[in-house]
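Asks: Provided below: final11.cif, containing mmCIF, N, CA, C and O atoms.
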data_final
loop_
_atom_site.group_PDB
_atom_site.id
_atom_site.type_symbol
_atom_site.label_atom_id
_atom_site.label_comp_id
_atom_site.auth_asym_id
_atom_site.auth_seq_id
_atom_site.Cartn_x
_atom_site.Cartn_y
_atom_site.Cartn_z
ATOM 1 N N MET A 1155 1.714 7.950 -78.982
ATOM 2 C CA MET A 1155 1.706 8.387 -77.599
ATOM 3 C C MET A 1155 3.150 8.650 -77.168
ATOM 4 O O MET A 1155 4.025 7.818 -77.370
ATOM 5 N N PRO A 1156 3.398 9.799 -76.576
ATOM 6 C CA PRO A 1156 4.759 10.106 -76.161
ATOM 7 C C PRO A 1156 5.248 9.187 -75.051
ATOM 8 O O PRO A 1156 4.463 8.665 -74.263
ATOM 9 N N ARG A 1157 6.543 9.001 -74.994
ATOM 10 C CA ARG A 1157 7.102 8.106 -73.981
ATOM 11 C C ARG A 1157 7.023 8.676 -72.586
ATOM 12 O O ARG A 1157 6.970 7.944 -71.620
ATOM 13 N N ASN A 1158 7.022 9.978 -72.451
ATOM 14 C CA ASN A 1158 7.016 10.576 -71.129
ATOM 15 C C ASN A 1158 5.605 10.959 -70.669
ATOM 16 O O ASN A 1158 5.436 11.850 -69.866
ATOM 17 N N ALA A 1159 4.599 10.291 -71.205
ATOM 18 C CA ALA A 1159 3.218 10.573 -70.805
ATOM 19 C C ALA A 1159 3.010 10.131 -69.362
ATOM 20 O O ALA A 1159 3.540 9.115 -68.929
ATOM 21 N N PRO A 1160 2.244 10.904 -68.590
ATOM 22 C CA PRO A 1160 1.996 10.509 -67.206
ATOM 23 C C PRO A 1160 1.196 9.213 -67.148
ATOM 24 O O PRO A 1160 0.420 8.909 -68.045
ATOM 25 N N ASN A 1161 1.394 8.457 -66.106
ATOM 26 C CA ASN A 1161 0.725 7.175 -65.947
ATOM 27 C C ASN A 1161 -0.665 7.408 -65.334
ATOM 28 O O ASN A 1161 -0.840 7.332 -64.136
ATOM 29 N N LEU A 1162 -1.636 7.713 -66.181
ATOM 30 C CA LEU A 1162 -2.999 7.963 -65.728
ATOM 31 C C LEU A 1162 -3.848 6.725 -65.962
ATOM 32 O O LEU A 1162 -3.756 6.090 -67.008
ATOM 33 N N HIS A 1163 -4.666 6.412 -65.016
ATOM 34 C CA HIS A 1163 -5.544 5.257 -65.122
ATOM 35 C C HIS A 1163 -6.933 5.722 -65.511
ATOM 36 O O HIS A 1163 -7.490 6.621 -64.890
ATOM 37 N N VAL A 1164 -7.497 5.095 -66.521
ATOM 38 C CA VAL A 1164 -8.826 5.447 -66.994
ATOM 39 C C VAL A 1164 -9.852 4.967 -65.977
ATOM 40 O O VAL A 1164 -9.745 3.868 -65.431
ATOM 41 N N CYS A 1165 -10.836 5.787 -65.717
ATOM 42 C CA CYS A 1165 -11.896 5.451 -64.761
ATOM 43 C C CYS A 1165 -12.643 4.211 -65.244
ATOM 44 O O CYS A 1165 -13.058 4.123 -66.396
ATOM 45 N N ARG A 1166 -12.824 3.240 -64.376
ATOM 46 C CA ARG A 1166 -13.488 1.999 -64.782
ATOM 47 C C ARG A 1166 -14.994 2.153 -64.888
ATOM 48 O O ARG A 1166 -15.662 1.342 -65.521
ATOM 49 N N ASP A 1167 -15.551 3.194 -64.308
ATOM 50 C CA ASP A 1167 -17.000 3.392 -64.369
ATOM 51 C C ASP A 1167 -17.435 4.079 -65.660
ATOM 52 O O ASP A 1167 -18.474 3.750 -66.221
ATOM 53 N N CYS A 1168 -16.652 5.046 -66.130
ATOM 54 C CA CYS A 1168 -17.059 5.788 -67.331
ATOM 55 C C CYS A 1168 -16.172 5.514 -68.540
ATOM 56 O O CYS A 1168 -16.412 6.055 -69.613
ATOM 57 N N ASP A 1169 -15.136 4.712 -68.402
ATOM 58 C CA ASP A 1169 -14.199 4.366 -69.479
ATOM 59 C C ASP A 1169 -13.561 5.589 -70.129
ATOM 60 O O ASP A 1169 -13.282 5.613 -71.318
ATOM 61 N N GLY A 1170 -13.344 6.653 -69.348
ATOM 62 C CA GLY A 1170 -12.676 7.828 -69.863
ATOM 63 C C GLY A 1170 -13.598 8.847 -70.504
ATOM 64 O O GLY A 1170 -13.142 9.839 -71.045
ATOM 65 N N PHE A 1171 -14.911 8.610 -70.485
ATOM 66 C CA PHE A 1171 -15.886 9.560 -71.011
ATOM 67 C C PHE A 1171 -16.698 10.094 -69.833
ATOM 68 O O PHE A 1171 -17.815 9.657 -69.579
ATOM 69 N N PRO A 1172 -16.160 11.072 -69.092
ATOM 70 C CA PRO A 1172 -16.736 11.467 -67.817
ATOM 71 C C PRO A 1172 -17.949 12.385 -67.892
ATOM 72 O O PRO A 1172 -18.655 12.545 -66.913
ATOM 73 N N LEU A 1173 -18.209 13.001 -69.027
ATOM 74 C CA LEU A 1173 -19.306 13.949 -69.134
ATOM 75 C C LEU A 1173 -20.268 13.485 -70.215
ATOM 76 O O LEU A 1173 -19.856 13.208 -71.341
ATOM 77 N N VAL A 1174 -21.541 13.399 -69.872
ATOM 78 C CA VAL A 1174 -22.549 13.018 -70.855
ATOM 79 C C VAL A 1174 -23.613 14.102 -70.909
ATOM 80 O O VAL A 1174 -23.856 14.806 -69.943
ATOM 81 N N ALA A 1175 -24.243 14.231 -72.060
ATOM 82 C CA ALA A 1175 -25.341 15.171 -72.242
ATOM 83 C C ALA A 1175 -26.601 14.362 -72.515
ATOM 84 O O ALA A 1175 -26.638 13.541 -73.435
ATOM 85 N N ILE A 1176 -27.626 14.599 -71.716
ATOM 86 C CA ILE A 1176 -28.873 13.846 -71.822
ATOM 87 C C ILE A 1176 -29.982 14.823 -72.208
ATOM 88 O O ILE A 1176 -30.177 15.842 -71.555
ATOM 89 N N THR A 1177 -30.718 14.499 -73.276
ATOM 90 C CA THR A 1177 -31.850 15.342 -73.641
ATOM 91 C C THR A 1177 -33.066 14.875 -72.864
ATOM 92 O O THR A 1177 -33.279 13.682 -72.665
ATOM 93 N N THR A 1178 -33.868 15.825 -72.403
ATOM 94 C CA THR A 1178 -35.040 15.488 -71.597
ATOM 95 C C THR A 1178 -36.274 15.264 -72.449
ATOM 96 O O THR A 1178 -37.279 14.780 -71.962
ATOM 97 N N GLY A 1179 -36.228 15.635 -73.721
ATOM 98 C CA GLY A 1179 -37.384 15.474 -74.593
ATOM 99 C C GLY A 1179 -38.218 16.734 -74.690
ATOM 100 O O GLY A 1179 -39.013 16.881 -75.614
ATOM 101 N N THR A 1180 -38.072 17.653 -73.744
ATOM 102 C CA THR A 1180 -38.813 18.912 -73.820
ATOM 103 C C THR A 1180 -38.026 19.920 -74.638
ATOM 104 O O THR A 1180 -36.818 19.774 -74.846
ATOM 105 N N ARG A 1181 -38.723 20.944 -75.094
ATOM 106 C CA ARG A 1181 -38.081 21.970 -75.913
ATOM 107 C C ARG A 1181 -38.166 23.331 -75.226
ATOM 108 O O ARG A 1181 -39.109 23.617 -74.508
ATOM 109 N N ASN A 1182 -37.145 24.128 -75.480
ATOM 110 C CA ASN A 1182 -37.123 25.503 -74.989
ATOM 111 C C ASN A 1182 -37.987 26.367 -75.908
ATOM 112 O O ASN A 1182 -38.351 25.943 -77.017
ATOM 113 N N PRO A 1183 -38.324 27.590 -75.488
ATOM 114 C CA PRO A 1183 -39.138 28.459 -76.336
ATOM 115 C C PRO A 1183 -38.526 28.756 -77.706
ATOM 116 O O PRO A 1183 -39.248 28.996 -78.676
ATOM 117 N N ASP A 1184 -37.196 28.689 -77.815
ATOM 118 C CA ASP A 1184 -36.576 28.954 -79.118
ATOM 119 C C ASP A 1184 -36.490 27.707 -79.998
ATOM 120 O O ASP A 1184 -35.968 27.748 -81.102
ATOM 121 N N GLY A 1185 -36.972 26.568 -79.516
ATOM 122 C CA GLY A 1185 -37.009 25.347 -80.320
ATOM 123 C C GLY A 1185 -35.885 24.373 -80.033
ATOM 124 O O GLY A 1185 -35.906 23.248 -80.542
ATOM 125 N N THR A 1186 -34.909 24.747 -79.242
ATOM 126 C CA THR A 1186 -33.821 23.827 -78.916
ATOM 127 C C THR A 1186 -34.268 22.871 -77.811
ATOM 128 O O THR A 1186 -35.196 23.147 -77.068
ATOM 129 N N ARG A 1187 -33.590 21.761 -77.720
ATOM 130 C CA ARG A 1187 -33.937 20.779 -76.690
ATOM 131 C C ARG A 1187 -33.280 21.116 -75.360
ATOM 132 O O ARG A 1187 -32.189 21.670 -75.321
ATOM 133 N N THR A 1188 -33.941 20.740 -74.274
ATOM 134 C CA THR A 1188 -33.387 20.918 -72.939
ATOM 135 C C THR A 1188 -32.381 19.809 -72.690
ATOM 136 O O THR A 1188 -32.683 18.627 -72.883
ATOM 137 N N ILE A 1189 -31.170 20.177 -72.267
ATOM 138 C CA ILE A 1189 -30.083 19.214 -72.088
ATOM 139 C C ILE A 1189 -29.594 19.250 -70.643
ATOM 140 O O ILE A 1189 -29.397 20.317 -70.067
ATOM 141 N N LEU A 1190 -29.390 18.066 -70.064
ATOM 142 C CA LEU A 1190 -28.766 17.929 -68.753
ATOM 143 C C LEU A 1190 -27.342 17.436 -68.964
ATOM 144 O O LEU A 1190 -27.117 16.482 -69.701
ATOM 145 N N ARG A 1191 -26.383 18.076 -68.325
ATOM 146 C CA ARG A 1191 -24.991 17.613 -68.391
ATOM 147 C C ARG A 1191 -24.663 16.944 -67.065
ATOM 148 O O ARG A 1191 -24.823 17.543 -66.008
ATOM 149 N N VAL A 1192 -24.214 15.695 -67.138
ATOM 150 C CA VAL A 1192 -23.978 14.894 -65.944
ATOM 151 C C VAL A 1192 -22.529 14.421 -65.917
ATOM 152 O O VAL A 1192 -22.027 13.890 -66.906
ATOM 153 N N ASP A 1193 -21.862 14.609 -64.767
ATOM 154 C CA ASP A 1193 -20.486 14.136 -64.562
ATOM 155 C C ASP A 1193 -20.506 12.736 -63.960
ATOM 156 O O ASP A 1193 -21.435 12.361 -63.254
ATOM 157 N N CYS A 1194 -19.453 11.987 -64.222
ATOM 158 C CA CYS A 1194 -19.295 10.663 -63.631
ATOM 159 C C CYS A 1194 -19.125 10.823 -62.114
ATOM 160 O O CYS A 1194 -18.263 11.575 -61.660
ATOM 161 N N PRO A 1195 -19.922 10.123 -61.308
ATOM 162 C CA PRO A 1195 -19.806 10.272 -59.861
ATOM 163 C C PRO A 1195 -18.535 9.632 -59.294
ATOM 164 O O PRO A 1195 -18.091 10.012 -58.214
ATOM 165 N N ALA A 1196 -17.939 8.702 -60.004
ATOM 166 C CA ALA A 1196 -16.750 8.028 -59.478
ATOM 167 C C ALA A 1196 -15.494 8.888 -59.616
ATOM 168 O O ALA A 1196 -14.699 8.986 -58.688
ATOM 169 N N CYS A 1197 -15.309 9.527 -60.777
ATOM 170 C CA CYS A 1197 -14.091 10.307 -61.011
ATOM 171 C C CYS A 1197 -14.350 11.810 -60.965
ATOM 172 O O CYS A 1197 -13.425 12.597 -61.158
ATOM 173 N N HIS A 1198 -15.576 12.215 -60.760
ATOM 174 C CA HIS A 1198 -15.961 13.625 -60.657
ATOM 175 C C HIS A 1198 -15.635 14.410 -61.925
ATOM 176 O O HIS A 1198 -15.218 15.564 -61.868
ATOM 177 N N GLY A 1199 -15.808 13.762 -63.069
ATOM 178 C CA GLY A 1199 -15.639 14.461 -64.333
ATOM 179 C C GLY A 1199 -14.235 14.564 -64.867
ATOM 180 O O GLY A 1199 -13.995 15.279 -65.823
ATOM 181 N N THR A 1200 -13.281 13.856 -64.291
ATOM 182 C CA THR A 1200 -11.913 13.920 -64.798
ATOM 183 C C THR A 1200 -11.607 12.816 -65.805
ATOM 184 O O THR A 1200 -10.739 12.979 -66.650
ATOM 185 N N GLY A 1201 -12.263 11.669 -65.700
ATOM 186 C CA GLY A 1201 -12.009 10.549 -66.600
ATOM 187 C C GLY A 1201 -10.867 9.664 -66.174
ATOM 188 O O GLY A 1201 -10.594 8.648 -66.799
ATOM 189 N N THR A 1202 -10.161 10.054 -65.119
ATOM 190 C CA THR A 1202 -9.044 9.254 -64.626
ATOM 191 C C THR A 1202 -9.215 9.007 -63.133
ATOM 192 O O THR A 1202 -9.943 9.717 -62.448
ATOM 193 N N THR A 1203 -8.553 7.994 -62.642
ATOM 194 C CA THR A 1203 -8.569 7.682 -61.223
ATOM 195 C C THR A 1203 -7.138 7.471 -60.747
ATOM 196 O O THR A 1203 -6.238 7.218 -61.535
ATOM 197 N N THR A 1204 -6.948 7.560 -59.457
ATOM 198 C CA THR A 1204 -5.632 7.273 -58.903
ATOM 199 C C THR A 1204 -5.501 5.773 -58.739
ATOM 200 O O THR A 1204 -6.474 5.085 -58.435
ATOM 201 N N PRO A 1205 -4.335 5.231 -58.946
ATOM 202 C CA PRO A 1205 -4.167 3.782 -58.803
ATOM 203 C C PRO A 1205 -4.359 3.355 -57.351
ATOM 204 O O PRO A 1205 -4.059 4.100 -56.422
ATOM 205 N N ALA A 1206 -4.889 2.172 -57.184
ATOM 206 C CA ALA A 1206 -5.071 1.623 -55.844
ATOM 207 C C ALA A 1206 -3.704 1.318 -55.241
ATOM 208 O O ALA A 1206 -2.788 0.865 -55.940
ATOM 209 N N PRO A 1207 -3.544 1.576 -53.962
ATOM 210 C CA PRO A 1207 -2.247 1.283 -53.352
ATOM 211 C C PRO A 1207 -1.979 -0.219 -53.359
ATOM 212 O O PRO A 1207 -2.899 -1.036 -53.228
ATOM 213 N N ALA A 1208 -0.733 -0.577 -53.523
ATOM 214 C CA ALA A 1208 -0.349 -1.978 -53.549
ATOM 215 C C ALA A 1208 -0.439 -2.570 -52.147
ATOM 216 O O ALA A 1208 -0.149 -1.906 -51.145
ATOM 217 N N LEU A 1209 -0.863 -3.811 -52.072
ATOM 218 C CA LEU A 1209 -0.927 -4.489 -50.787
ATOM 219 C C LEU A 1209 0.449 -5.011 -50.415
ATOM 220 O O LEU A 1209 1.125 -5.638 -51.226
ATOM 221 N N ILE A 1210 0.849 -4.762 -49.207
ATOM 222 C CA ILE A 1210 2.152 -5.204 -48.736
ATOM 223 C C ILE A 1210 1.929 -6.176 -47.584
ATOM 224 O O ILE A 1210 1.228 -5.865 -46.636
ATOM 225 N N ARG A 1211 2.510 -7.361 -47.711
ATOM 226 C CA ARG A 1211 2.351 -8.356 -46.658
ATOM 227 C C ARG A 1211 3.359 -8.073 -45.547
ATOM 228 O O ARG A 1211 4.556 -7.943 -45.788
ATOM 229 N N VAL A 1212 2.830 -7.993 -44.335
ATOM 230 C CA VAL A 1212 3.667 -7.699 -43.175
ATOM 231 C C VAL A 1212 3.570 -8.893 -42.217
ATOM 232 O O VAL A 1212 2.485 -9.393 -41.960
ATOM 233 N N GLY A 1213 4.672 -9.302 -41.729
ATOM 234 C CA GLY A 1213 4.661 -10.426 -40.785
ATOM 235 C C GLY A 1213 4.920 -11.740 -41.490
ATOM 236 O O GLY A 1213 5.579 -11.802 -42.507
ATOM 237 N N ARG A 1214 4.358 -12.790 -40.930
ATOM 238 C CA ARG A 1214 4.605 -14.129 -41.476
ATOM 239 C C ARG A 1214 3.827 -14.415 -42.688
ATOM 240 O O ARG A 1214 2.839 -14.411 -43.045
#
Using structure tokens, write down the structure that the file contains.

Replies:
Amino acid sequence: MPRNAPNLHVCRDCDGFPLVAITTGTRNPDGTRTILRVDCPACHGTGTTTPAPALIRVGR
């Protein structure tokens, strides 16, 4: 891994695998299976998330 790689955080919901293909079990007329492609709802298909802002204590 290069040293100057951007600091990207892997999505905790999909573990960096944001797109899945699900077969429905039915077949198309040409014999292939019907496939649904679904994106991760948390990261919207990117596989990364922005880091949570740090909490800063203000006052006493």

Asks: For a test of reading the model, state the distance in Å between atom C of Asp1167 in chain A and CA of Pro1195 in chain A, rounded to one decimal.

Replies: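 Straight-line distance from atom C of Asp1167 in chain A to CA of Pro1195 in chain A works out to 8.8 Å.
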
Asks: Have a look at CA of Thr1188 in chain A and CA of Val1174 in chain A and let me know their distance in Å, one decimal.

Replies: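 That distance, rounded to one decimal, is 13.6 Å.
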
Asks: Could you write out as a list in words the residues that the PyMOL selection byres ((chain A and resi 1166) around 8) matches in the shown file?

Replies: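 For this structure, the PyMOL selection byres ((chain A and resi 1166) around 8) captures His1163, Val1164, Cys1165, Asp1167, Cys1168, Asp1169, Gly1170, Ala1196, Cys1197, Gly1201, Thr1202 and Thr1203 of chain A.
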
Asks: Run DSSP on the backbone and grab whatever in chain A lands in strand (DSSP E or B); send it over as an MDAnalysis selection string.

Replies: chainID A and resid 1163:1164 1173:1181 1187:1193 1202:1203

Asks: Go ahead and compute the interatomic distance for CA of Thr1178 in chain A and CA of Asp1193 in chain A, in Å to one decimal.

Replies: 16.2 Å

Asks: For Ala1175 in chain A, which of A:Cys1194, A:Ile1189, A:Leu1162, A:Ile1210 is the closest residue, counting only N, CA, C and O atoms?

Replies: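 Going through A:Cys1194, A:Ile1189, A:Leu1162, A:Ile1210 one by one, the smallest distance to Ala1175 in chain A is for A:Ile1189.
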
Asks: I want to know what sits within 8 Å of His1198 in chain A, based on only N, CA, C and O atoms, with residues of the same chain fewer than 5 positions away left out; could you give that as a PyMOL selection string?

Replies: chain A and resi 1172-1173+1192-1193
